[in-house]
Amino acid sequence: MEETRVRKIWLRAQEVLDSPYTRKALILAGSFAGSLLCSRGLVFGKYAPFGVAAAASVPRGGMWAAVLGAFLGYLMPSPAYIPIRYAAALLAAAAIRWALSELKGVTAHPLFAPAVTLLPLLLTGMTMVLLNGSLSYTAALYVAESFLGAGCAYFLRRTSNLLLGLTGDGRGRSSGLYESGDVAAATVTAGVVALSFSSVTFGGVSLGRILMVLMVLTCARLGGIGGGAVAGITAGAIQGLSTAGLSYLSGAYGLGGLMAGVFSPMGKVAGAVAFILSHGIASMQVGAESQETILRGAIEVGAATILYMALPRSQRLSQLFGVRKDTLSGGALRGNIVMRLRHTAEALSQVHTSVEEISQKLSAVCAPSLQGVYDRAVEAVCAGCSARGACWRKHREETLENFSQLTSCLKEKGRVDTLDFTKEFSDRCGRMGEMRDEINKSYGRYLLKEAAQLRAAQVREVVEDHFQTTADILEEMAGEFSQYQSFDEEAAARVADILRENGIEPLEVCCRLDRFGRMTIEAEVGREHQRRMNRAQFTREISAACGRVFSPPCISNGEESCRLQMCQRPAYEVARGFSQYSAKNGAFCGDCASVFADGCGRLVAVLSDGMGTGGRAAVDGAMTCAMAESLLKAGIGFDPMLQTVNSALIAKSGDESLATLDIACIDLFTGKGEFRKAGAACSLLRRGRRVEVVEASSVPVGIMPQVEFAAYSRELAPGDVVVLLSDGVTACGQEWLEDLVLHWDEEENPNLLAQRITGEARKRRSDGHEDDITALVLVLK
């Protein structure tokens, strides 16, 4: 119960932090405080380059807050040499950033912040050398200080990106994925901040050095040998450069961090004892004459150890220090691929079975060939005729010639009459009436055979296309699998435990990470184990278990299994509006629409319009929409899905069966919108104060063996409106529709816009005909 409560508090805090206003306030406060502290840190006893480095490294929105913080830090009393010089360098760095702020490619480069730090420090330092006539040793110190500040700026910039959830080059990063460079950057930043407290002393005991030791112990505990060594070397280098009299700390902190990391698996106490002993051994190099220095160092280590023992363990910091490893095991990869392919096979099996049954029934139809029409008639009529010898021996050529003349009559009229026979044959044959009827009967069978063969050929062509479609599906899946970068088996185990706690026994669970660092969860359970669950509560539990905020799950059902898929909560969401009118207020509407999340961070809207109105149109529209939704949820791409639906409509009956298919897909991570149309009416896209009509010439599904989408893509932004329509809306023009969408207030409920569209379309229909009317509105938030 207590753990669940903590998870809820964490999720609520995460939602507050995700607010843009809170984010901006944190950036301003963090930039100000960080730069103020960095400006107080000294190297070589009297140089303070870190304030300039901080102002050059903070995010763009916090630059002026950082300049103000560093400026106040330099003005406060400190041993820094000529503070006004750092104020000038600070303003120069801010001017460079401001002048180049529009060059995104330059400012996003990892070396931009170091360059902005190096140039002002180096130029102001050389100016001091020229004005004072300083010795070459002093000039060398200025150069060393400039490069030291530039190196620090690189690490500060990387830490800033780490806090903002970005990678080293400024791209979006998913929480929980860190590199070794991130650990080093965070450690250097913590060391520079701790350095600012070095001058705060109590009887010679430095608060800054206590914080340094605390940082080394914490890193060794969380990161093991690597974390302890990096933190120890960093802390030793910073303290060694800050004051000449404390150079022994370079070895003491470095050795102590290494040994604390070695003994960290044995517990906190073992790591702390290892650090204390290593620090004591390294401090012996100071000599007996500096017993006071050794004593102060021992007190600092003791105070830091007490604080270290009192600190609770942080799961967030544990993820930072190398605990997050990319596990691309063969078992996880195999399980995920098998699960996806199996579910796709289930989605396609019903379509394949239906087509196979139809083909078997058509191939079973039996009818004579065109030549067999006459042979069958002769066999039936002439077998017991006494004049058979005269007709087929004495007058064989004339009889065959007469039958050949009947072919044109059969093709033109579909039957033969008595007058179509030659006079000689009529005079000679005493059963001409029976012959006529038998020929007509056999020709009817021939027509049935011909139609059946044509239909069978069409079915075979569809089946061949079906196999090609299946190949396309598998190829698309292979491309999707190539995007997977790693699999988190630990997170998958936690998800499986949560499913069991909800009374659902999983067959397979997979947590995968794509190349953008986004996590997607897929789980498969048997239908007999499927139970109703609280999706909101389940989503909160999964989010807390994986350390990420997820969207509600997308669930699709197969014959024997149920598939659950969910991804991290994206940056955007979509408000929906829907309105529909059935022609003549009928019980059935030929239009069918569906809006669903595909579990991969995309929202898909499907609108299908069956041919005509009434029950038959409703069947075609509903079948097309349902199949499209089922296949897309199963992970099948748009083009293979279209071919599959088209094949199913062609093969479902001998009568003509067709429907339009209109799809809008919005990537909720990037805002990219994709529009695909197969015989569908135009759609409207409002971006800002402009309305764009998205329309194309394309063929509905169910008519031709091969059909293709007309595809378009647009970049969408918050506030943009997408309107999908059936052709009943645009029957009386679309100018009024564009004006209605343009002047709609986006603060209103999208349902109101959909209702206005259908209501106005009904009023404007003046040709005496009625059609089904549907409007589907999507608003990006």
# chains A, B, ... in the order shown; residues from 1 in each chain; ligands from 1
$ residues_around --residues "Ala298 in chain A" --least-positions-apart "2" --cutoff "10 Å" --atoms "only C-alpha atoms" --output "PyMOL selection string"
chain A and resi 205+276+279-280+283+292-296+300-304
$ write_last_selection --atoms "C-alpha atoms" --output "CSV table (one decimal), in the first residue's frame"
chain,number,residue,atom,x,y,z
A,205,VAL,CA,37.6,22.1,7.9
A,276,ILE,CA,39.0,6.0,4.8
A,279,HIS,CA,42.8,8.4,2.0
A,280,GLY,CA,44.8,7.9,5.2
A,283,SER,CA,47.9,11.5,3.0
A,292,GLU,CA,47.4,19.6,11.1
A,293,THR,CA,46.5,19.2,7.4
A,294,ILE,CA,46.2,15.4,7.9
A,295,LEU,CA,43.9,16.0,10.9
A,296,ARG,CA,41.6,18.4,9.0
A,300,GLU,CA,36.4,16.1,6.5
A,301,VAL,CA,36.4,12.4,5.5
A,302,GLY,CA,34.7,11.5,8.8
A,303,ALA,CA,32.0,14.1,8.4
A,304,ALA,CA,31.4,13.0,4.8
$ residues_around --residues "range 564-579 of chain A" --least-positions-apart "3" --cutoff "9 Å" --atoms "only C-alpha atoms" --output "VMD selection string"
chain A and resid 518 to 525 539 543 548 to 557 593 595 598 to 603 666 to 671 718 749 to 758 773 to 781
$ atom_distance --atom1 "CA of Ile299 in chain A" --atom2 "CA of Met284 in chain A"
15.3 Å
$ closest_residue --among "A:Val200, A:Ala186, A:Leu737, A:Ala89" --to "Glu760 in chain A" --atoms "only C-alpha atoms"
A:Leu737
$ atom_distance --atom1 "CA of Tyr253 in chain A" --atom2 "CA of Ile210 in chain A"
11.6 Å
$ select_by_dssp --residues "range 80-325 of chain A" --states "alpha helix (DSSP H)" --output "ChimeraX atom specification"
/A:83-99,104-107,112-132,136-164,180-195,207-242,249-262,268-283,291-310,315-318
$ atom_distance --atom1 "CA of Thr660 in chain A" --atom2 "CA of Asn646 in chain A"
10.3 Å
$ closest_residue --among "A:Arg765, A:His743, A:Arg676, A:Lys24" --to "Ala696 in chain A" --atoms "only C-alpha atoms"
A:Arg676
$ residues_around --residues "Ala88 in chain A" --least-positions-apart "4" --cutoff "8 Å" --atoms "only C-alpha atoms" --output "list in words"
Ile84, Ala92 and Thr124 of chain A
